[in-house]
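Engineer: Sharing a structure here in structure tokens format.
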Amino acid sequence: MGELHKLPGYQVSQKIRNQEIFAEEYISQLFERIDKVDLKINSFISKNYESVLLKAKQIDKKIKNNEKLGSLLGIPIGIKDNISVLGLKTTCASRILQEYVPPYNATVIDRLEKQDAIIIGKLNMDEFGMGTSSEFSHYGPVHNPWNQEYVAGGSSGGSAAAVSSLQVPVSLGSDTGGSIRCPCSFCSVIGIKPTYGLVSRYGLVSYSNSLEQIGPIARTVVDIAMTLNAICGRDSNDNTSASSSASAGIDQQFEYKIDSVDGILGKNYKVGIIDNLIDSSEYQVKETVHKKINLLKEHDFSVHKTKINYSDFALAAYYVIATAEASSNLSRFDNIRYGFNYNPEGYEWNSYSSHVRSNFGEEVKRRILVGSFVLSAGYYGKYYLKAQKIRKIIKNEFNKLFKLFDVLVLPTMPILPFRIGEKVAKPLELYNLDIYTILSNLAGIPAMSIPAGFSKEGLPIGLQLLSNEFNEQVLIDIATFFEHEDKFNEWIPSI
Amino acid sequence: MTQTESNVNQLDFDSNNNNNVNDDVKSYENIKIGLEIHCQLTRLETKLFCGCFSNYRDIQPNGNTCPICLGLPGSLPLLNKKAVEYASMICISLNCNIPEKITFYRKNYFYPDLPKNFQITQYNSYELSSIGFDGLISYYNDKAELDNTGKSKSKAVRIKRIQLEEDPGKIVHEESNSKINNYCLIDYNRAGVALVEIVTEPDFKNATDVRLFLNKITNIFEYLGVSDPNLEGAVRCDVNVSVKGGKKVEIKNVSSFKDVEKSIFYEITRQKTLSMHEISVKSETRHWDEKRKITIPARTKEEEDEYKYFPEPDIPRIVLGSDYKVRIKENMPELPIERLKRYVENHKLSNHISDILVNNKNVSDFYEESVKIYNSPKEISNWIVNELLSKTNELEKDESIGNKSDKNRAFNSQVTPRQIADMAKLVEGKSINRNIAKEIFDKSIRTGESPLKLVENLKVEKIQDSEIIKKYIDEILSNEKHLIEQSNNNPNVANFILGKIMKKTGGRADPQLTLKLIKESIRHS
């Protein structure tokens, strides 16, 4: 024993259900693992040990009493620190929210708990989700489990690193422009950004409302599917949630299944290779992705080259929309109701507000400034409206592509993970890294990152899969195929 | 534009309060006045974007809040569909267009009473997507509107737009003098209450017209059952005034409709004085100083027009569809103008009487109730307008009752529709004559007793028994025999005798029957 932390969530859950192990026992082992490992990784902002133990005991009791058991029974799930959990600090890795405790649960939290999952703690991130490296955190950078001198990717760096370093089997992240997929790629785990509206955003502290989605991160495709099943679907607390929008099937029940490899091959998926974006990637990324494509070809997938136009415009459009919405969302943090103790003596409203707001991190301030600028009088048509037009063009691009293909393949990130500190002072370089991931956020389509291999330095490389909206099943199928072929679920960092 | 914390509830306007401004023909041409009216949809159960009560009044501070209306991180607005319906009803009443799709926008500005530091509102600069736009409503001489002649003296104002938005919270200051305050408190109970903003074109020429218009639309709010204008702060108003050659000046913080008029008078005078001295009137926001009854310049900060509008991403565009207006209209309560038409055409009441009834929903409803009990529109409207309302007005003067709600209370506490119906029945059934009826009515009001019962108790029922009347006649004729002779030459004798009998019977004798009997007696004597 003592190796339970290596197990994926669904296996742990089975063992607990079959009374091979107690939830309490498992959780205690996991605590030991976290206490040992996270000193090096810095993935947790707050831990929920006391109530977690209580919850574990309750689960054991439930089993003993033959009560109805949820699908995620006993699976500990780490939560990105921008998702509200009742009674747990939700800091968004920001100084401004360092003492904020939400009086309510996000819908995803309620849904996880309904399936008897255990909310184990809150995970580190870029402040308010703004970043590609998880270095912009008030709580310090997240370290990559594969090489701790390297970044874990961002903004859900804590969520990906905690899963990768076997501290938790499953976590939730949020993805505004790649924030789930980038750290999954850098840490060699699986993560999915669902279709916009598939998962309720209620309780997710907004960065860019029209772009972001909550999604699961795990080491196995089964865990991804199970968790997604638990959290997805219509929510009356979110006007943008799936079946409340006309495009989705009304009150459609979403359920994702793990098919056999034969079954998947039998579906004759047509794969589009986004050639132009693969070509513009770093050579090791390019090579790795080509290996994956060859694997598909070997198994008689129909594979064809294609391309995505306007991706450079897309990046500009993304940053206009994201910063515009962010500047408005973050304006409520004026230190009047949340924040830290700061004496208002000698200030009037406006000067006090601007003074306390200087306590946002550099990247957040940068984006607030950009967002405020693009929304200012007279610039709306020049920036925001144009960005929305680009967004429509990108969406149309994908509509066309999905008439030809079931799934599109491209790298998650154009480069390998980089060293902590290397790019902190180069915001534009960082922004440019988002070019492959922001496309699906602009189009609202689902996107997944799966482990694809490693560079010769041993740094992880991720493969990105895109499908049409509400077609997450294709992504799960392709991921299952690669998992079966590559056994990437067994790729574990030696930490 | 909801930064003003105003409490407009005075709705009673003294129509003889015309000042000299509108009489000055020269300035009349040059003055432009526009309004921004904020009306809370107080009849909604819940706020615009959450499940908290719409009625925040009398709840302990911050006791009527939730993560949504507090703007807590991660909370999302959930649009109250009923609010869209109510706002549409207002749009329809003011003859506005309703677009097929409506959009909400964020108006970003920093103010401590605004939980999110942006207000979810609507905005038409980028697309016509507010709940209503381009309306027109006549506010004086509805007859013209009714006859569709339009010419006569009818006055109308164009409605630029109507938008649905959220009310901010309230800042409670320690002392009225802000300089000595150590702290102020914020109460978010009001935050998120549905507000309809009505923006007019600057079509008003004087304060009297503004008053008439405000009366008209608050009446409409009541008829629609969307808002109770008598509640404190339910209807608030900002005023824009400009005189010829000058820029537009916005007056905020006007706390009552009476002060709306006063502020307009003040501002016109101020701006004209500036013009006279060839000082140009600059575009600015001024506050109404309630105590000194003057306008004072607002802090310059509030003049900045940088609200960084953009579409609210948490509320997808709402598709109302092309038949929305028709569907809403179908289920809409009767409007004052429709009621007026019904009174004139079906109830055969005069325009004047109909107007008086319709102009106060409370009175009109009272009338409707009474007519239901006893179907005589003429008689009932007569009792309500000539007796009841004049009494209420007296009462108002006596006790200097300030506002409409008190007036309504006075009105209601006096009588029930049943009492009025009974009075009408007594008079029309000719069981008592009108003078006595008035006495009965007075007594009924004082005691609250049923007029029918009073009539019985007072035995004031008309004497219609010929035998009894005859006895009276005989008595008089036997005492004053000369009357019989005089009657041959003087036709007034009969009336003289009638007067005597009326006096004796306390007016209860049926006058027509008595006169007939007198004439018979004289002839036969």
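Following the order of the structure tokens, chains are lettered A, B, ..., residues in each are numbered from 1, and ligands are numbered from 1.
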What are the closest atom pairs, with distances in Å to one decimal, for each residue of chain B lying within 7 Å of chain A, using only C-alpha atoms, rows by chain and rising residue number, as CSV?

Structural biologist:
residue,atom,partner,partner_atom,distance
B:Pro73,CA,A:Val205,CA,5.0
B:Gly74,CA,A:Val205,CA,3.9
B:Ser75,CA,A:Gly203,CA,5.5
B:Leu76,CA,A:Tyr202,CA,6.1
B:Leu78,CA,A:Asn239,CA,6.0
B:Asn108,CA,A:Ser328,CA,6.6
B:Pro115,CA,A:Arg332,CA,6.7
B:Lys116,CA,A:Arg332,CA,4.5
B:Asn117,CA,A:Arg332,CA,5.1
B:Glu306,CA,A:Ala377,CA,6.2
B:Lys308,CA,A:Leu375,CA,4.9
B:Tyr309,CA,A:Leu375,CA,6.9
B:Pro313,CA,A:Ser210,CA,5.4
B:Asp314,CA,A:Thr240,CA,6.3
B:Ile315,CA,A:Asn239,CA,5.9
B:Pro316,CA,A:Thr240,CA,6.4

Engineer: Tell me, as a list in words, which residues lie within 8 Å of range 465-480 of chain B, counting only C-alpha atoms; anything in the same chain fewer than 2 positions away does not count.

Structural biologist: Ile463, His482, Leu483, Ile484, Ile497, Ile501, Ala509, Leu513, Thr514, Leu517, Ile518 and Ser521 of chain B

Engineer: Store the residues of this selection in a file with N, CA and C atoms, as a PDB file, in the first residue's frame.

Structural biologist:
ATOM      1  N   ILE B 463     -92.805  60.457   1.155  1.00  0.00           N
ATOM      2  CA  ILE B 463     -94.203  60.156   1.470  1.00  0.00           C
ATOM      3  C   ILE B 463     -94.956  60.088   0.162  1.00  0.00           C
ATOM      4  N   HIS B 482    -108.078  81.605   2.652  1.00  0.00           N
ATOM      5  CA  HIS B 482    -107.914  82.595   1.585  1.00  0.00           C
ATOM      6  C   HIS B 482    -107.101  82.054   0.415  1.00  0.00           C
ATOM      7  N   LEU B 483    -106.338  81.027   0.680  1.00  0.00           N
ATOM      8  CA  LEU B 483    -105.481  80.482  -0.386  1.00  0.00           C
ATOM      9  C   LEU B 483    -106.308  79.944  -1.551  1.00  0.00           C
ATOM     10  N   ILE B 484    -107.456  79.391  -1.184  1.00  0.00           N
ATOM     11  CA  ILE B 484    -108.286  78.800  -2.239  1.00  0.00           C
ATOM     12  C   ILE B 484    -108.728  79.868  -3.220  1.00  0.00           C
ATOM     13  N   ILE B 497     -98.167  76.257  -1.375  1.00  0.00           N
ATOM     14  CA  ILE B 497     -98.676  75.216  -0.479  1.00  0.00           C
ATOM     15  C   ILE B 497     -97.694  74.037  -0.431  1.00  0.00           C
ATOM     16  N   ILE B 501     -95.898  72.230   2.772  1.00  0.00           N
ATOM     17  CA  ILE B 501     -95.955  70.788   3.081  1.00  0.00           C
ATOM     18  C   ILE B 501     -94.550  70.205   3.184  1.00  0.00           C
ATOM     19  N   ALA B 509     -92.238  64.569   1.388  1.00  0.00           N
ATOM     20  CA  ALA B 509     -93.394  64.382   0.518  1.00  0.00           C
ATOM     21  C   ALA B 509     -92.954  64.349  -0.937  1.00  0.00           C
ATOM     22  N   LEU B 513     -96.327  64.216  -6.765  1.00  0.00           N
ATOM     23  CA  LEU B 513     -97.623  63.708  -6.289  1.00  0.00           C
ATOM     24  C   LEU B 513     -98.344  64.776  -5.464  1.00  0.00           C
ATOM     25  N   THR B 514     -97.590  65.436  -4.596  1.00  0.00           N
ATOM     26  CA  THR B 514     -98.191  66.447  -3.733  1.00  0.00           C
ATOM     27  C   THR B 514     -98.797  67.585  -4.555  1.00  0.00           C
ATOM     28  N   LEU B 517    -101.964  66.599  -6.080  1.00  0.00           N
ATOM     29  CA  LEU B 517    -103.040  66.532  -5.087  1.00  0.00           C
ATOM     30  C   LEU B 517    -103.507  67.928  -4.669  1.00  0.00           C
ATOM     31  N   ILE B 518    -102.532  68.853  -4.556  1.00  0.00           N
ATOM     32  CA  ILE B 518    -102.893  70.226  -4.177  1.00  0.00           C
ATOM     33  C   ILE B 518    -103.824  70.817  -5.229  1.00  0.00           C
ATOM     34  N   SER B 521    -107.217  69.431  -4.950  1.00  0.00           N
ATOM     35  CA  SER B 521    -107.928  69.957  -3.780  1.00  0.00           C
ATOM     36  C   SER B 521    -108.465  71.353  -4.042  1.00  0.00           C
TER      37      SER B 521
END

Engineer: Skipping near chain neighbours, those fewer than 3 positions away, what residues fall within 7 Å of Pro77 in chain B using only C-alpha atoms, listed as a PyMOL selection string?

Structural biologist: chain B and resi 49-50+68+314

Engineer: For the selection just defined, write its residues with N, CA and C atoms to a file, as a compact mmCIF listing (two decimals), in the first residue's frame.

Structural biologist:
# COMPACT_ATOMS: atom_id res chain seq x y z
N PHE B 49 -32.61 40.76 -11.88
CA PHE B 49 -31.68 39.69 -12.23
C PHE B 49 -31.51 38.62 -11.16
N CYS B 50 -32.33 38.66 -10.11
CA CYS B 50 -32.18 37.63 -9.08
C CYS B 50 -33.53 37.42 -8.39
N ILE B 68 -26.11 37.50 -6.33
CA ILE B 68 -26.30 38.16 -7.62
C ILE B 68 -26.44 39.67 -7.47
N ASP B 314 -23.14 38.08 -20.20
CA ASP B 314 -23.82 37.05 -19.42
C ASP B 314 -25.30 36.91 -19.75

Engineer: If you measure from CA of Arg367 in chain A to CA of Asn124 in chain A, what distance in Å do you get, rounded to one decimal?

Structural biologist: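 Computing the Euclidean distance for CA of Arg367 in chain A and CA of Asn124 in chain A yields 19.7 Å.
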
Engineer: Need to verify the contact set: Thr437 in chain A, 8 Å, only C-alpha atoms, exclusion of same-chain residues closer than 6 positions in sequence. Can you return it as a ChimeraX atom specification?

Structural biologist: /A:177-178,181-182,412-413

Engineer: Select, from A:Gly197, A:Gly421, A:Gly263, A:Pro414, the residue with the minimum atom-to-atom distance to Gly444 in chain A, counting only C-alpha atoms.

Structural biologist: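 Smallest separation from Gly444 in chain A among the options: A:Gly197.
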
Engineer: Write down as a PyMOL selection string the residues belonging to range 203-412 of chain B that are assigned helix (DSSP H, G or I) by DSSP computed on the backbone.

Structural biologist: chain B and resi 207-224+257-276+300-303+324-330+336-345+351-358+361-373+377-398+404-412

Engineer: Store the residues of this selection in a file with C-alpha atoms, as a CSV table (one decimal), in the first residue's frame.

Structural biologist:
chain,number,residue,atom,x,y,z
B,207,ALA,CA,-43.1,73.4,-16.4
B,208,THR,CA,-46.9,73.1,-16.5
B,209,ASP,CA,-46.7,70.8,-19.4
B,210,VAL,CA,-44.1,68.7,-17.6
B,211,ARG,CA,-46.4,68.4,-14.7
B,212,LEU,CA,-49.3,67.3,-16.9
B,213,PHE,CA,-47.1,64.8,-18.6
B,214,LEU,CA,-45.8,63.4,-15.3
B,215,ASN,CA,-49.4,63.0,-14.1
B,216,LYS,CA,-50.3,61.3,-17.2
B,217,ILE,CA,-47.6,58.7,-17.2
B,218,THR,CA,-47.7,57.9,-13.5
B,219,ASN,CA,-51.4,57.3,-14.1
B,220,ILE,CA,-50.5,54.9,-16.9
B,221,PHE,CA,-48.1,53.1,-14.6
B,222,GLU,CA,-50.9,52.5,-12.2
B,223,TYR,CA,-53.3,51.4,-14.8
B,224,LEU,CA,-50.8,48.9,-16.2
B,257,PHE,CA,-42.6,66.3,-8.9
B,258,LYS,CA,-43.4,69.6,-7.3
B,259,ASP,CA,-39.7,70.3,-7.1
B,260,VAL,CA,-39.4,69.3,-10.7
B,261,GLU,CA,-41.6,72.3,-11.6
B,262,LYS,CA,-39.7,74.6,-9.3
B,263,SER,CA,-36.3,73.5,-10.5
B,264,ILE,CA,-37.5,74.2,-14.1
B,265,PHE,CA,-38.6,77.7,-13.2
B,266,TYR,CA,-35.4,78.3,-11.4
B,267,GLU,CA,-33.2,77.0,-14.2
B,268,ILE,CA,-35.0,78.9,-16.9
B,269,THR,CA,-34.6,82.1,-14.9
B,270,ARG,CA,-31.0,81.4,-14.2
B,271,GLN,CA,-30.2,80.6,-17.8
B,272,LYS,CA,-32.1,83.6,-19.1
B,273,THR,CA,-30.3,85.9,-16.7
B,274,LEU,CA,-27.0,84.6,-17.9
B,275,SER,CA,-28.0,85.1,-21.5
B,276,MET,CA,-29.1,88.6,-20.8
B,300,THR,CA,-17.1,68.0,-12.4
B,301,LYS,CA,-16.4,64.2,-12.1
B,302,GLU,CA,-20.0,63.5,-12.8
B,303,GLU,CA,-19.9,65.2,-16.1
B,324,TYR,CA,-44.3,39.9,-29.2
B,325,LYS,CA,-46.0,43.3,-29.1
B,326,VAL,CA,-49.3,41.8,-30.2
B,327,ARG,CA,-49.1,39.1,-27.5
B,328,ILE,CA,-48.3,41.6,-24.8
B,329,LYS,CA,-51.1,43.9,-25.9
B,330,GLU,CA,-53.6,41.1,-25.8
B,336,PRO,CA,-56.7,55.4,-19.3
B,337,ILE,CA,-57.3,56.4,-22.8
B,338,GLU,CA,-59.3,53.3,-23.5
B,339,ARG,CA,-61.3,53.7,-20.4
B,340,LEU,CA,-62.1,57.2,-21.3
B,341,LYS,CA,-63.3,56.1,-24.6
B,342,ARG,CA,-65.6,53.5,-23.0
B,343,TYR,CA,-67.0,56.0,-20.5
B,344,VAL,CA,-67.9,58.4,-23.3
B,345,GLU,CA,-69.1,55.9,-25.8
B,351,ASN,CA,-65.9,64.1,-21.7
B,352,HIS,CA,-65.3,66.3,-18.7
B,353,ILE,CA,-66.7,63.8,-16.2
B,354,SER,CA,-65.0,60.9,-17.9
B,355,ASP,CA,-61.7,62.7,-17.7
B,356,ILE,CA,-62.0,63.4,-14.0
B,357,LEU,CA,-62.8,59.7,-13.3
B,358,VAL,CA,-60.1,58.3,-15.5
B,361,LYS,CA,-57.1,55.1,-11.3
B,362,ASN,CA,-58.3,54.7,-7.7
B,363,VAL,CA,-61.4,56.9,-8.4
B,364,SER,CA,-62.0,55.2,-11.7
B,365,ASP,CA,-61.8,51.8,-10.2
B,366,PHE,CA,-64.2,53.0,-7.5
B,367,TYR,CA,-66.6,54.1,-10.1
B,368,GLU,CA,-66.3,50.8,-11.9
B,369,GLU,CA,-67.1,48.9,-8.7
B,370,SER,CA,-70.1,51.1,-8.0
B,371,VAL,CA,-71.5,50.6,-11.5
B,372,LYS,CA,-71.2,46.9,-11.1
B,373,ILE,CA,-73.4,47.1,-8.0
B,377,PRO,CA,-73.2,55.4,-14.9
B,378,LYS,CA,-74.7,58.9,-15.0
B,379,GLU,CA,-76.0,58.9,-11.4
B,380,ILE,CA,-73.0,57.2,-10.0
B,381,SER,CA,-70.5,59.4,-11.7
B,382,ASN,CA,-72.5,62.4,-10.5
B,383,TRP,CA,-72.2,61.2,-6.9
B,384,ILE,CA,-68.5,60.5,-7.2
B,385,VAL,CA,-67.5,63.6,-9.1
B,386,ASN,CA,-69.8,66.2,-7.6
B,387,GLU,CA,-70.1,65.0,-4.1
B,388,LEU,CA,-67.4,62.6,-3.1
B,389,LEU,CA,-64.5,64.3,-4.9
B,390,SER,CA,-65.4,67.7,-3.8
B,391,LYS,CA,-65.6,66.5,-0.2
B,392,THR,CA,-62.2,64.8,-0.6
B,393,ASN,CA,-60.8,68.0,-1.9
B,394,GLU,CA,-62.2,69.9,1.0
B,395,LEU,CA,-60.7,67.3,3.3
B,396,GLU,CA,-57.4,67.7,1.6
B,397,LYS,CA,-57.5,71.5,2.1
B,398,ASP,CA,-58.5,71.1,5.7
B,404,LYS,CA,-51.9,61.4,-3.7
B,405,SER,CA,-51.6,58.3,-1.6
B,406,ASP,CA,-53.1,60.2,1.4
B,407,LYS,CA,-55.7,61.5,-0.9
B,408,ASN,CA,-56.6,58.0,-2.0
B,409,ARG,CA,-56.7,56.9,1.6
B,410,ALA,CA,-59.0,59.7,2.4
B,411,PHE,CA,-61.1,58.8,-0.6
B,412,ASN,CA,-61.3,55.2,0.3

Engineer: Looking only at the backbone, which of the residues in range 50-107 of chain A does DSSP tag as strand (DSSP E), as number ranges by chain?

Structural biologist: A: 76-80

Engineer: Just to confirm, what's the straight-line distance from CA of Lys155 in chain B to CA of Lys205 in chain B in Å (one decimal)?

Structural biologist: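 These two atoms are separated by 10.6 Å.
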
Engineer: What is the CA of Ile492 in chain A to CA of Ser179 in chain A distance in Å?

Structural biologist: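 CA of Ser179 in chain A lies at a distance of 21.5 Å from CA of Ile492 in chain A.
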
Engineer: As a ChimeraX atom specification, please: the residues near Cys91 in chain B (cut-off 12 Å, only C-alpha atoms, same-chain neighbours under 6 positions excluded).

Structural biologist: /B:84-85,97-99,130-137,159-164,196-199,217,220-221,224,226,325,328-329,332

Engineer: Take the residues from that selection and write them out as an mmCIF file, in the first residue's frame, keeping C-alpha atoms.

Structural biologist:
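Output contents, as saved in selection26.cif:
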data_model
loop_
_atom_site.group_PDB
_atom_site.id
_atom_site.type_symbol
_atom_site.label_atom_id
_atom_site.label_comp_id
_atom_site.auth_asym_id
_atom_site.auth_seq_id
_atom_site.Cartn_x
_atom_site.Cartn_y
_atom_site.Cartn_z
ATOM 1 C CA VAL B 84 -39.387 42.556 -19.917
ATOM 2 C CA GLU B 85 -43.156 42.142 -20.233
ATOM 3 C CA ASN B 97 -41.534 50.652 -31.216
ATOM 4 C CA ILE B 98 -40.357 47.407 -29.673
ATOM 5 C CA PRO B 99 -37.454 45.766 -31.501
ATOM 6 C CA SER B 130 -33.553 48.871 -26.018
ATOM 7 C CA ILE B 131 -37.017 47.653 -25.130
ATOM 8 C CA GLY B 132 -38.664 50.712 -26.677
ATOM 9 C CA PHE B 133 -37.836 53.654 -28.910
ATOM 10 C CA ASP B 134 -39.479 56.386 -30.991
ATOM 11 C CA GLY B 135 -42.725 56.833 -29.104
ATOM 12 C CA LEU B 136 -45.259 59.622 -28.976
ATOM 13 C CA ILE B 137 -47.750 60.365 -26.248
ATOM 14 C CA ILE B 159 -40.301 59.452 -26.449
ATOM 15 C CA LYS B 160 -36.717 58.939 -27.526
ATOM 16 C CA ARG B 161 -36.182 55.589 -25.884
ATOM 17 C CA ILE B 162 -37.248 53.354 -23.039
ATOM 18 C CA GLN B 163 -34.745 51.065 -21.407
ATOM 19 C CA LEU B 164 -34.808 48.388 -18.761
ATOM 20 C CA VAL B 196 -37.600 51.486 -16.536
ATOM 21 C CA GLU B 197 -35.942 54.638 -17.820
ATOM 22 C CA ILE B 198 -38.043 56.781 -20.112
ATOM 23 C CA VAL B 199 -36.149 59.414 -22.050
ATOM 24 C CA ILE B 217 -47.564 58.683 -17.200
ATOM 25 C CA ILE B 220 -50.507 54.935 -16.872
ATOM 26 C CA PHE B 221 -48.080 53.074 -14.595
ATOM 27 C CA LEU B 224 -50.828 48.912 -16.156
ATOM 28 C CA VAL B 226 -46.528 47.680 -13.160
ATOM 29 C CA LYS B 325 -46.017 43.326 -29.102
ATOM 30 C CA ILE B 328 -48.342 41.562 -24.762
ATOM 31 C CA LYS B 329 -51.052 43.931 -25.908
ATOM 32 C CA MET B 332 -52.573 44.223 -21.118
#

Engineer: Looking at A:Gln98, A:Ile445, A:Ala326, A:Phe254, which one is nearest to Tyr196 in chain A, with distances taken over only C-alpha atoms?

Structural biologist: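 Of the candidates, the smallest distance to Tyr196 in chain A is held by A:Ile445.
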
Engineer: Excluding same-chain residues fewer than 3 positions from range 37-48 of chain A, what lies within 6 Å of it counting only C-alpha atoms, as a compact mmCIF listing (two decimals) with N, CA and C atoms, in the first residue's frame?

Structural biologist:
# COMPACT_ATOMS: atom_id res chain seq x y z
N ARG A 33 0.84 12.64 0.50
CA ARG A 33 1.44 12.90 -0.81
C ARG A 33 1.49 14.43 -1.08
N ILE A 34 0.37 15.07 -0.83
CA ILE A 34 0.31 16.52 -1.08
C ILE A 34 1.33 17.25 -0.22
N SER A 51 -12.58 19.33 6.64
CA SER A 51 -13.89 18.95 6.12
C SER A 51 -13.77 17.81 5.10
N VAL A 52 -12.59 17.68 4.49
CA VAL A 52 -12.38 16.57 3.55
C VAL A 52 -12.41 15.24 4.31
N ILE A 120 -11.16 18.80 -2.45
CA ILE A 120 -9.99 18.64 -1.57
C ILE A 120 -9.26 19.95 -1.30
N GLY A 121 -9.40 20.92 -2.19
CA GLY A 121 -8.72 22.20 -1.94
C GLY A 121 -8.74 23.07 -3.17
N LYS A 122 -8.10 24.24 -3.03
CA LYS A 122 -8.12 25.22 -4.11
C LYS A 122 -6.72 25.35 -4.71
N LEU A 123 -6.70 25.46 -6.02
CA LEU A 123 -5.43 25.32 -6.73
C LEU A 123 -4.94 26.65 -7.33
N ASN A 124 -3.63 26.75 -7.39
CA ASN A 124 -2.92 27.95 -7.82
C ASN A 124 -3.14 28.23 -9.31
N VAL A 142 3.68 28.32 -10.09
CA VAL A 142 3.54 26.87 -10.01
C VAL A 142 4.74 26.26 -10.76
N HIS A 143 5.30 25.20 -10.19
CA HIS A 143 6.46 24.56 -10.82
C HIS A 143 6.02 23.34 -11.61
N GLY A 158 -1.90 25.24 -11.46
CA GLY A 158 -2.03 24.43 -10.25
C GLY A 158 -2.87 23.20 -10.52
N ALA A 162 -1.01 19.62 -10.18
CA ALA A 162 -1.45 18.77 -9.07
C ALA A 162 -1.85 17.39 -9.58

Engineer: Please identify all polymer residues within 6 Å of Ser137 in chain A, counting only C-alpha atoms, omitting same-chain residues fewer than 2 positions from it, and present them as a list of chain:residue names.

Structural biologist: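 The filter keeps A:Ala93, A:Asp126, A:Glu127, A:Glu135, A:Tyr139, A:Gly140.
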
Engineer: Would you put the residues from that selection into a file with C-alpha atoms, as a PDB file, in the first residue's frame?

Structural biologist:
ATOM      1  CA  ALA A  93      -4.518  34.078  -6.710  1.00  0.00           C
ATOM      2  CA  ASP A 126      -2.391  33.109 -12.799  1.00  0.00           C
ATOM      3  CA  GLU A 127      -4.143  35.965 -11.062  1.00  0.00           C
ATOM      4  CA  GLU A 135       3.752  32.806 -12.749  1.00  0.00           C
ATOM      5  CA  TYR A 139       1.072  32.981  -4.113  1.00  0.00           C
ATOM      6  CA  GLY A 140       4.127  32.453  -6.277  1.00  0.00           C
TER       7      GLY A 140
END

Engineer: Can you work out which one of A:Val285, A:Pro411, A:Phe136, A:Phe186 has the shortest atom-to-atom distance to Ala425 in chain A, counting only C-alpha atoms?

Structural biologist: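 The shortest atom-to-atom distance to Ala425 in chain A comes from A:Phe136.
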
Engineer: Counting only C-alpha atoms, which of A:Ser188, A:Thr480, A:Asn359, A:Ser302 gets nearest to Ala452 in chain A?

Structural biologist: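 Among the listed residues, the smallest separation from Ala452 in chain A belongs to A:Ser188.
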